[in-house]
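For reference, run-v1.txt is printed below; it contains compact mmCIF, C-alpha atoms.
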# COMPACT_ATOMS: atom_id res chain seq x y z
CA MET A 268 -59.69 -32.41 -16.24
CA GLN A 269 -60.41 -32.23 -19.99
CA ASN A 270 -57.59 -32.67 -22.50
CA PRO A 271 -56.99 -29.26 -24.17
CA VAL A 272 -56.42 -31.07 -27.49
CA ASN A 273 -59.88 -32.71 -27.38
CA VAL A 274 -61.52 -29.39 -26.47
CA LEU A 275 -59.87 -27.70 -29.43
CA GLN A 276 -60.96 -30.51 -31.77
CA LYS A 277 -64.58 -30.19 -30.55
CA ASN A 278 -64.56 -26.45 -31.13
CA VAL A 279 -63.30 -26.98 -34.68
CA ALA A 280 -65.99 -29.59 -35.40
CA ALA A 281 -68.72 -27.29 -34.04
CA CYS A 282 -67.96 -24.62 -36.66
CA PRO A 283 -68.36 -26.27 -40.13
CA GLY A 284 -69.07 -24.45 -43.34
CA LYS A 285 -67.82 -21.18 -44.70
CA PRO A 286 -65.67 -19.00 -42.58
CA ARG A 287 -67.28 -16.04 -40.92
CA PRO A 288 -66.55 -12.58 -42.24
CA GLY A 289 -63.22 -11.22 -41.00
CA THR A 290 -61.75 -14.66 -40.31
CA LEU A 291 -58.87 -16.40 -42.05
CA THR A 292 -59.63 -18.93 -44.74
CA ARG A 293 -56.83 -21.24 -43.55
CA GLN A 294 -57.99 -24.30 -41.69
CA PRO A 295 -57.10 -24.37 -38.00
CA THR A 296 -54.10 -26.45 -37.09
CA THR A 297 -54.88 -29.69 -35.35
CA ILE A 298 -52.67 -30.49 -32.36
CA ASP A 299 -51.77 -34.11 -31.91
CA ALA A 300 -51.57 -35.14 -28.28
CA HIS A 301 -48.66 -37.44 -29.15
CA THR A 302 -46.56 -34.51 -30.52
CA ALA A 303 -47.43 -31.93 -27.80
CA PRO A 304 -44.60 -31.09 -25.37
CA SER A 305 -44.54 -33.35 -22.33
CA ARG A 306 -44.56 -32.00 -18.77
CA PRO A 307 -40.83 -32.79 -18.17
CA VAL A 308 -39.94 -30.90 -21.33
CA LEU A 309 -42.05 -27.93 -20.26
CA ALA A 310 -40.41 -28.00 -16.84
CA LEU A 311 -36.96 -28.02 -18.45
CA LEU A 312 -37.89 -25.10 -20.67
CA GLY A 313 -39.14 -23.21 -17.65
CA MET A 314 -35.89 -23.78 -15.82
CA LEU A 315 -33.87 -22.59 -18.81
CA LEU A 316 -36.02 -19.46 -19.08
CA ALA A 317 -35.56 -18.73 -15.39
CA LEU A 318 -31.78 -19.10 -15.69
CA LEU A 319 -31.74 -16.81 -18.73
CA LEU A 320 -33.71 -14.15 -16.90
CA ALA A 321 -31.45 -14.45 -13.86
CA GLY A 322 -28.38 -14.03 -16.06
CA CYS A 323 -29.83 -10.94 -17.66
CA ASN A 324 -30.61 -9.51 -14.24
CA LEU A 325 -27.04 -10.13 -13.02
CA SER A 326 -25.48 -8.56 -16.09
CA GLY A 327 -27.75 -5.52 -15.92
CA ASN A 328 -27.46 -4.88 -12.19
CA ALA A 329 -24.11 -5.12 -10.44
CA GLY A 330 -24.09 -6.91 -7.13
CA PRO A 331 -22.89 -5.41 -3.86
CA PRO A 332 -19.31 -4.05 -3.95
CA THR A 333 -16.52 -6.27 -2.67
CA LEU A 334 -15.60 -5.19 0.84
CA THR A 335 -12.01 -4.10 1.39
CA PRO A 336 -10.36 -6.39 3.96
CA PRO A 337 -9.24 -4.65 7.16
CA PRO A 338 -5.57 -3.65 7.28
CA ALA A 339 -3.20 -6.11 8.87
CA PRO A 340 -1.52 -5.08 12.11
CA THR A 341 1.94 -3.58 11.66
CA PRO A 342 4.41 -6.40 12.41
CA THR A 343 7.03 -6.06 15.07
CA GLY A 344 10.24 -8.02 15.31
CA SER A 345 13.97 -7.91 15.86
CA THR A 346 14.45 -5.45 12.95
CA LEU A 347 12.50 -2.24 12.43
CA PHE A 348 12.26 -1.19 8.77
CA PHE A 349 11.70 2.23 7.22
CA ASN A 350 11.18 2.97 3.52
CA ALA A 351 12.87 6.34 3.12
CA PRO A 352 13.01 8.67 0.13
CA TYR A 353 16.57 9.79 -0.58
CA ASN A 354 18.14 12.59 -2.57
CA ILE A 355 21.81 13.66 -2.58
CA ALA A 356 23.79 16.18 -4.64
CA LEU A 357 26.95 14.76 -6.16
CA PRO A 358 29.72 17.25 -6.73
CA PRO A 359 33.03 15.57 -7.64
CA GLU A 360 34.80 13.67 -4.84
CA THR A 361 31.55 12.87 -2.98
CA ARG A 362 30.76 9.69 -1.07
CA VAL A 363 27.15 8.73 -0.37
CA PRO A 364 27.30 8.70 3.46
CA GLY A 365 27.78 5.31 5.03
CA THR A 366 27.98 3.47 1.70
CA GLY A 367 30.58 2.16 -0.72
CA ILE A 368 29.36 4.57 -3.44
CA PHE A 369 31.92 7.24 -4.35
CA TYR A 370 31.60 9.77 -7.20
CA GLN A 371 34.99 10.81 -8.59
CA GLY A 372 33.83 13.23 -11.28
CA PRO A 373 33.08 13.57 -14.99
CA GLN A 374 35.35 11.82 -17.47
CA ASN A 375 34.85 12.73 -21.13
CA ASP A 376 31.10 12.15 -21.72
CA VAL A 377 30.46 9.88 -18.72
CA TYR A 378 30.56 10.05 -14.91
CA LEU A 379 33.15 8.00 -13.06
CA PHE A 380 32.11 6.21 -9.86
CA THR A 381 33.73 3.61 -7.68
CA ILE A 382 31.35 1.14 -6.06
CA GLN A 383 32.97 -1.01 -3.39
CA GLY A 384 36.30 0.07 -4.87
CA LEU A 385 35.45 -0.99 -8.43
CA GLN A 386 35.19 1.51 -11.28
CA ALA A 387 31.76 2.12 -12.78
CA PHE A 388 31.04 4.46 -15.69
CA LYS A 389 27.58 5.96 -15.52
CA ARG A 390 25.32 8.24 -17.52
CA VAL A 391 22.24 10.24 -16.55
CA ASP A 392 19.25 7.95 -15.80
CA ASP A 393 21.53 5.00 -14.98
CA THR A 394 20.91 3.27 -11.66
CA ILE A 395 23.20 2.65 -8.71
CA ASN A 396 22.21 -0.12 -6.29
CA TRP A 397 24.03 -0.83 -3.05
CA ASN A 398 23.26 -2.90 0.03
CA GLY A 399 25.25 -3.01 3.25
CA ILE A 400 25.82 -1.76 6.78
CA ILE A 401 25.71 2.05 6.93
CA ALA A 402 26.12 2.46 10.71
CA PRO A 403 26.48 0.11 13.67
CA GLY A 404 23.33 -2.01 13.77
CA VAL A 405 21.85 -0.31 10.68
CA VAL A 406 21.56 -1.76 7.17
CA GLY A 407 20.60 0.15 4.05
CA ASN A 408 19.39 -1.03 0.66
CA TYR A 409 19.88 1.83 -1.84
CA ASN A 410 18.13 1.93 -5.21
CA LEU A 411 19.24 5.22 -6.72
CA GLN A 412 19.02 6.80 -10.16
CA LEU A 413 21.33 9.48 -11.53
CA LYS A 414 19.75 12.78 -12.57
CA LEU A 415 21.10 16.13 -13.79
CA ASN A 416 19.73 19.43 -12.54
CA SER A 417 20.08 21.75 -15.51
CA ASN A 418 18.27 24.64 -13.79
CA ILE A 419 21.51 25.72 -12.12
CA SER A 420 24.88 26.64 -13.62
CA PRO A 421 26.92 24.58 -13.82
CA ALA A 422 24.47 21.68 -14.05
CA GLN A 423 24.48 19.55 -10.91
CA LEU A 424 24.57 15.75 -10.86
CA TYR A 425 22.51 14.12 -8.12
CA ALA A 426 21.14 10.74 -7.12
CA THR A 427 17.58 10.03 -6.02
CA GLY A 428 15.50 7.00 -5.09
CA PRO A 429 14.20 4.86 -2.21
CA VAL A 430 16.31 3.41 0.58
CA ARG A 431 15.09 0.60 2.80
CA VAL A 432 16.62 1.15 6.22
CA GLY A 433 16.68 -1.65 8.78
CA ILE A 434 17.36 -0.96 12.48
CA MET A 435 18.50 -4.20 14.10
CA ASN A 436 17.44 -5.04 17.67
CA PRO A 437 15.84 -1.67 18.49
CA LEU A 438 15.28 -0.82 22.17
CA PRO A 439 13.21 2.39 22.10
CA ARG A 440 13.56 4.88 24.91
CA GLU A 441 12.03 8.33 24.99
CA VAL A 442 14.21 11.45 24.92
CA PRO A 443 13.07 15.04 25.67
CA LEU A 444 12.07 16.78 22.46
CA ASP A 445 14.23 19.82 23.24
CA SER A 446 17.35 17.63 22.91
CA MET A 447 16.67 16.92 19.24
CA PRO A 448 19.83 17.39 17.09
CA SER A 449 20.24 20.63 15.17
CA SER A 450 21.84 18.72 12.29
CA LEU A 451 19.83 17.53 9.34
CA PRO A 452 18.57 13.95 9.60
CA TRP A 453 20.08 11.27 7.38
CA PHE A 454 16.59 10.26 6.28
CA ASP A 455 13.59 12.59 6.30
CA ASN A 456 9.92 12.57 5.30
CA ILE A 457 9.61 8.80 5.79
CA SER A 458 6.00 7.80 5.26
CA ILE A 459 4.43 6.00 8.25
CA ASP A 460 1.15 4.07 8.28
CA TYR A 461 0.81 1.88 11.37
CA VAL A 462 -2.11 -0.23 12.59
CA VAL A 463 -1.68 -1.12 16.26
CA PRO A 464 -3.99 -3.67 17.95
CA GLN A 465 -5.08 -3.11 21.52
CA GLY A 466 -2.38 -4.06 24.00
CA GLU A 467 0.44 -3.73 21.45
CA GLN A 468 3.34 -1.28 21.27
CA VAL A 469 3.57 1.40 18.60
CA PRO A 470 6.61 0.28 16.52
CA GLY A 471 9.77 2.21 17.28
CA THR A 472 8.36 3.91 20.39
CA THR A 473 7.66 3.22 24.07
CA LEU A 474 3.93 3.90 23.57
CA VAL A 475 1.43 1.08 24.17
CA PHE A 476 -2.16 1.25 22.88
CA GLN A 477 -4.31 0.26 25.85
CA GLY A 478 -7.69 0.83 24.22
CA ILE A 479 -10.40 3.37 23.43
CA GLN A 480 -11.98 5.60 26.07
CA ASP A 481 -14.75 7.99 24.94
CA ASN A 482 -13.61 7.81 21.30
CA THR A 483 -10.06 8.61 22.41
CA ALA A 484 -6.93 6.48 22.14
CA TYR A 485 -5.37 5.71 25.51
CA LEU A 486 -1.58 5.34 25.16
CA THR A 487 0.69 4.47 28.04
CA GLY A 488 4.49 4.26 28.14
CA GLY A 489 5.18 7.91 27.38
CA THR A 490 5.99 10.83 29.64
CA GLY A 491 3.20 13.08 28.40
CA TYR A 492 -0.60 13.25 28.38
CA PRO A 493 -1.87 9.77 27.44
CA TYR A 494 -5.16 10.59 25.65
CA PHE A 495 -5.25 11.18 21.89
CA PRO A 496 -8.62 11.85 20.18
CA LEU A 497 -9.21 10.91 16.55
CA GLY A 498 -7.34 13.32 14.24
CA ASN A 499 -4.97 14.55 16.96
CA SER A 500 -1.17 14.57 16.79
CA VAL A 501 1.07 11.91 18.32
CA ILE A 502 4.65 13.25 18.51
CA TRP A 503 7.40 11.04 19.90
CA PHE A 504 11.17 11.49 19.95
CA GLY A 505 13.71 9.02 21.23
CA ARG A 506 16.49 6.53 20.63
CA LEU A 507 16.12 3.24 18.82
CA THR A 508 19.74 2.30 19.59
CA ASP A 509 22.77 4.18 20.90
CA ARG A 510 23.49 5.20 17.28
CA VAL A 511 19.96 5.93 15.99
CA LEU A 512 17.55 8.74 16.91
CA VAL A 513 13.99 8.94 15.54
CA ARG A 514 11.22 11.51 15.60
CA TYR A 515 7.64 10.56 14.76
CA ASP A 516 5.09 13.18 13.66
CA LEU A 517 1.87 11.18 13.47
CA ARG A 518 -1.91 11.61 13.70
CA VAL A 519 -4.61 9.27 14.95
CA SER A 520 -6.23 8.19 11.66
CA ARG A 521 -8.57 5.43 12.94
CA LEU A 522 -10.03 4.07 16.16
CA ASP A 523 -12.14 0.92 15.88
CA GLU A 524 -12.23 -2.79 16.63
CA ILE A 525 -9.23 -3.31 14.31
CA GLY A 526 -7.04 -1.08 16.43
CA LEU A 527 -5.30 2.28 16.43
CA GLY A 528 -4.29 3.81 13.09
CA LEU A 529 -1.34 6.20 13.02
CA THR A 530 -0.22 7.97 9.85
CA GLY A 531 2.41 10.63 9.25
CA THR A 532 6.18 10.87 8.85
CA ALA A 533 9.41 9.99 10.63
CA ARG A 534 12.99 11.29 10.65
CA LEU A 535 16.17 9.33 11.37
CA TRP A 536 19.55 10.54 12.64
CA LEU A 537 22.44 8.06 12.46
CA THR A 538 25.85 8.16 14.10
CA PRO A 539 28.26 6.26 11.80
CA TRP A 540 31.69 4.92 12.69
CA SER A 541 34.37 7.49 13.39
CA SER A 542 36.35 8.43 10.30
CA PRO A 543 39.91 7.00 10.26

Do you think you could lay out the structure here as structure tokens?
Amino acid sequence: MQNPVNVLQKNVAACPGKPRPGTLTRQPTTIDAHTAPSRPVLALLGMLLALLLAGCNLSGNAGPPTLTPPPAPTPTGSTLFFNAPYNIALPPETRVPGTGIFYQGPQNDVYLFTIQGLQAFKRVDDTINWNGIIAPGVVGNYNLQLKLNSNISPAQLYATGPVRVGIMNPLPREVPLDSMPSSLPWFDNISIDYVVPQGEQVPGTTLVFQGIQDNTAYLTGGTGYPYFPLGNSVIWFGRLTDRVLVRYDLRVSRLDEIGLGLTGTARLWLTPWSSP
């Protein structure tokens, strides 16, 4: 194969004399074979160019979206937890049920509380935190904030915030729905989002997810019809302990290889110790 430098030099030598019309008067540049880029250098330049183009392509076109990992199964154990919203009006001489929080009343420009028997002066937007046993076998972690409802006269002080309720050693047993208490629950509108693998029990119930049949969840352990298609209601009422009643109002939100998805709300009724 001929050296391109030698071919160029021959072409220059074959064209002596005056330049042709329309050509440049500058003499052509002579390329020295000793100063021409070597093959390794050209290969390196090629690699750098390829990397540059690849980088431009990545920056201009986003790759495939990151897949969301499947939800973890809802854990079960010796304590069943609920994250409950809580709201209570506080007229003077009010105790937050089952707790050591007691509101005595306004005093000058503040509100007087006793928390576990100790005085606490509070203002609107202050917080009140309390953790302890609120009923036999039931613990509550209260994280409340004081608010004032000025839309009524006189203005009403109240406390609002989340409560983490733990039911220790639950032993669920189903109770007929028509025996549900007429009294208001202690905790209402508790958000539920369970993922139950096949062969596992729905937390806080007697229901066991046995699998999928014709795109329908097959649940045993209850007294009613055991088949629940996607989007259908799953209503269960029963006791978690002798002192705790629960009602679930759920829907089948997923049915796949991960398991059964149940979303909805729960209500809790507690029976505290008898008042002295």

Would you pick out the contacts of range 419-429 of chain A at 7 Å or less, using all atoms listed in the file, so that residues sharing its chain but fewer than 3 positions from it are not included, and give the list as a PDB file with C-alpha atoms, keeping the file's coordinate frame?
ATOM      1  CA  ASN A 350      11.180   2.970   3.520  1.00  0.00           C
ATOM      2  CA  ALA A 351      12.870   6.340   3.120  1.00  0.00           C
ATOM      3  CA  PRO A 352      13.010   8.670   0.130  1.00  0.00           C
ATOM      4  CA  TYR A 353      16.570   9.790  -0.580  1.00  0.00           C
ATOM      5  CA  ASN A 354      18.140  12.590  -2.570  1.00  0.00           C
ATOM      6  CA  ILE A 355      21.810  13.660  -2.580  1.00  0.00           C
ATOM      7  CA  ALA A 356      23.790  16.180  -4.640  1.00  0.00           C
ATOM      8  CA  LEU A 357      26.950  14.760  -6.160  1.00  0.00           C
ATOM      9  CA  PRO A 358      29.720  17.250  -6.730  1.00  0.00           C
ATOM     10  CA  TYR A 409      19.880   1.830  -1.840  1.00  0.00           C
ATOM     11  CA  ASN A 410      18.130   1.930  -5.210  1.00  0.00           C
ATOM     12  CA  LEU A 411      19.240   5.220  -6.720  1.00  0.00           C
ATOM     13  CA  GLN A 412      19.020   6.800 -10.160  1.00  0.00           C
ATOM     14  CA  LEU A 413      21.330   9.480 -11.530  1.00  0.00           C
ATOM     15  CA  LYS A 414      19.750  12.780 -12.570  1.00  0.00           C
ATOM     16  CA  LEU A 415      21.100  16.130 -13.790  1.00  0.00           C
ATOM     17  CA  ASN A 416      19.730  19.430 -12.540  1.00  0.00           C
TER      18      ASN A 416
END

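For the choices A:Ile395, A:Leu379, A:Leu529, A:Leu474, the atom-to-atom distance to Trp503 in chain A is smallest for A:Leu474 when using all atoms listed in the file.
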
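Once only C-alpha atoms are considered, the residues situated within 8 Å of the file point (33.3, 16.1, -4.9) turn out to be A:Leu357, A:Pro358, A:Pro359, A:Glu360, A:Thr361, A:Arg362, A:Tyr370, A:Gln371, A:Gly372.
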
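Using only C-alpha atoms, the shortest contact distance between Phe349 in chain A and any of A:Asn418, A:Gln386, A:Asn408, A:Asn375 is found at A:Asn408.
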
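In this structure, CA of Val391 in chain A sits 11.8 Å away from CA of Ser417 in chain A.
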
Across A:Tyr461, A:Trp453, A:Tyr492, A:Phe380, the smallest distance to Leu517 in chain A, with all atoms listed in the file counted, is shown by A:Tyr461

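Taking CA of Leu537 in chain A and CA of Glu467 in chain A as endpoints, the distance between them is 26.5 Å.
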
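Straight-line separation from CA of Ala402 in chain A to CA of Ile434 in chain A: 9.6 Å.
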
Using all atoms listed in the file, which residues sit within 9 Å of range 479-488 of chain A once same-chain residues fewer than 5 positions away are excluded, as a ChimeraX atom specification? /A:465,468,472-474,493-497,519,522-523,526-527

Based on the selection just made, write C-alpha atoms of those residues as a JSON list (two decimals), in the coordinates of the input.
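This is the output file selection04.json:
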[["chain", "number", "residue", "atom", "x", "y", "z"],
["A", 465, "GLN", "CA", -5.08, -3.11, 21.52],
["A", 468, "GLN", "CA", 3.34, -1.28, 21.27],
["A", 472, "THR", "CA", 8.36, 3.91, 20.39],
["A", 473, "THR", "CA", 7.66, 3.22, 24.07],
["A", 474, "LEU", "CA", 3.93, 3.90, 23.57],
["A", 493, "PRO", "CA", -1.87, 9.77, 27.44],
["A", 494, "TYR", "CA", -5.16, 10.59, 25.65],
["A", 495, "PHE", "CA", -5.25, 11.18, 21.89],
["A", 496, "PRO", "CA", -8.62, 11.85, 20.18],
["A", 497, "LEU", "CA", -9.21, 10.91, 16.55],
["A", 519, "VAL", "CA", -4.61, 9.27, 14.95],
["A", 522, "LEU", "CA", -10.03, 4.07, 16.16],
["A", 523, "ASP", "CA", -12.14, 0.92, 15.88],
["A", 526, "GLY", "CA", -7.04, -1.08, 16.43],
["A", 527, "LEU", "CA", -5.30, 2.28, 16.43]]

Would you list the residues near (17.3, -3.4, 2.8), meaning any protein, DNA or RNA residue with an atom at most 9 Å from that point in file coordinates, counting all atoms listed in the file, as a PDB file with C-alpha atoms, in the coordinates of the input?
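This is the output file point.pdb:
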ATOM      1  CA  PHE A 348      12.260  -1.190   8.770  1.00  0.00           C
ATOM      2  CA  ASN A 350      11.180   2.970   3.520  1.00  0.00           C
ATOM      3  CA  ASN A 398      23.260  -2.900   0.030  1.00  0.00           C
ATOM      4  CA  GLY A 399      25.250  -3.010   3.250  1.00  0.00           C
ATOM      5  CA  VAL A 406      21.560  -1.760   7.170  1.00  0.00           C
ATOM      6  CA  GLY A 407      20.600   0.150   4.050  1.00  0.00           C
ATOM      7  CA  ASN A 408      19.390  -1.030   0.660  1.00  0.00           C
ATOM      8  CA  TYR A 409      19.880   1.830  -1.840  1.00  0.00           C
ATOM      9  CA  VAL A 430      16.310   3.410   0.580  1.00  0.00           C
ATOM     10  CA  ARG A 431      15.090   0.600   2.800  1.00  0.00           C
ATOM     11  CA  VAL A 432      16.620   1.150   6.220  1.00  0.00           C
ATOM     12  CA  GLY A 433      16.680  -1.650   8.780  1.00  0.00           C
TER      13      GLY A 433
END

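Considering only C-alpha atoms, the residue among A:Trp397, A:Lys389, A:Glu441, A:Thr341 positioned nearest to Ile368 in chain A is A:Trp397.
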
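Of the listed residues (A:Ser450, A:Thr532, A:Ser520, A:Asn499), A:Ser520 comes nearest to Val463 in chain A; the distances count only C-alpha atoms.
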
Test item: write range 381-407 of chain A with N, CA and C atoms as a compact mmCIF listing (two decimals), in the first residue's frame:
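Output below, filename selection.txt:
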# COMPACT_ATOMS: atom_id res chain seq x y z
N THR A 381 -51.86 19.73 83.72
CA THR A 381 -50.98 18.88 84.51
C THR A 381 -50.70 17.63 83.67
N ILE A 382 -49.42 17.31 83.57
CA ILE A 382 -48.98 16.14 82.80
C ILE A 382 -48.25 15.23 83.77
N GLN A 383 -48.83 14.06 84.01
CA GLN A 383 -48.32 13.14 85.02
C GLN A 383 -48.21 13.84 86.39
N GLY A 384 -49.20 14.71 86.65
CA GLY A 384 -49.26 15.38 87.95
C GLY A 384 -48.41 16.62 88.07
N LEU A 385 -47.66 16.96 87.03
CA LEU A 385 -46.78 18.14 87.07
C LEU A 385 -47.41 19.27 86.25
N GLN A 386 -47.34 20.50 86.79
CA GLN A 386 -47.92 21.64 86.09
C GLN A 386 -47.16 21.95 84.81
N ALA A 387 -47.94 22.32 83.79
CA ALA A 387 -47.35 22.74 82.51
C ALA A 387 -48.18 23.88 81.96
N PHE A 388 -47.54 25.02 81.69
CA PHE A 388 -48.23 26.17 81.12
C PHE A 388 -48.04 26.13 79.60
N LYS A 389 -49.14 26.20 78.89
CA LYS A 389 -49.11 26.05 77.45
C LYS A 389 -49.80 27.21 76.76
N ARG A 390 -49.40 27.43 75.51
CA ARG A 390 -50.05 28.39 74.63
C ARG A 390 -50.50 27.66 73.36
N VAL A 391 -51.32 28.34 72.56
CA VAL A 391 -51.74 27.78 71.28
C VAL A 391 -50.52 27.49 70.42
N ASP A 392 -50.54 26.34 69.75
CA ASP A 392 -49.48 25.82 68.89
C ASP A 392 -48.37 25.12 69.66
N ASP A 393 -48.42 25.14 71.01
CA ASP A 393 -47.47 24.32 71.77
C ASP A 393 -47.84 22.85 71.62
N THR A 394 -46.86 21.99 71.89
CA THR A 394 -47.09 20.54 71.76
C THR A 394 -47.20 19.89 73.14
N ILE A 395 -47.91 18.78 73.15
CA ILE A 395 -48.03 17.94 74.34
C ILE A 395 -47.74 16.51 73.92
N ASN A 396 -46.66 15.94 74.44
CA ASN A 396 -46.29 14.56 74.12
C ASN A 396 -46.43 13.70 75.37
N TRP A 397 -46.97 12.51 75.16
CA TRP A 397 -47.19 11.60 76.28
C TRP A 397 -47.12 10.16 75.78
N ASN A 398 -46.52 9.29 76.57
CA ASN A 398 -46.37 7.89 76.18
C ASN A 398 -46.64 7.02 77.40
N GLY A 399 -47.54 6.04 77.25
CA GLY A 399 -47.83 5.18 78.38
C GLY A 399 -48.93 4.19 78.07
N ILE A 400 -49.36 3.48 79.08
CA ILE A 400 -50.42 2.47 78.94
C ILE A 400 -51.77 3.18 79.07
N ILE A 401 -52.63 3.02 78.07
CA ILE A 401 -53.92 3.71 78.07
C ILE A 401 -55.07 2.76 78.38
N ALA A 402 -54.83 1.47 78.32
CA ALA A 402 -55.82 0.44 78.67
C ALA A 402 -55.03 -0.85 78.87
N PRO A 403 -55.61 -1.83 79.52
CA PRO A 403 -54.88 -3.09 79.72
C PRO A 403 -54.38 -3.68 78.40
N GLY A 404 -53.07 -3.85 78.28
CA GLY A 404 -52.49 -4.42 77.08
C GLY A 404 -52.40 -3.47 75.91
N VAL A 405 -52.62 -2.15 76.15
CA VAL A 405 -52.61 -1.16 75.06
C VAL A 405 -51.71 0.01 75.46
N VAL A 406 -50.75 0.34 74.58
CA VAL A 406 -49.88 1.49 74.82
C VAL A 406 -50.19 2.55 73.77
N GLY A 407 -50.01 3.81 74.18
CA GLY A 407 -50.26 4.92 73.26
C GLY A 407 -49.14 5.93 73.32
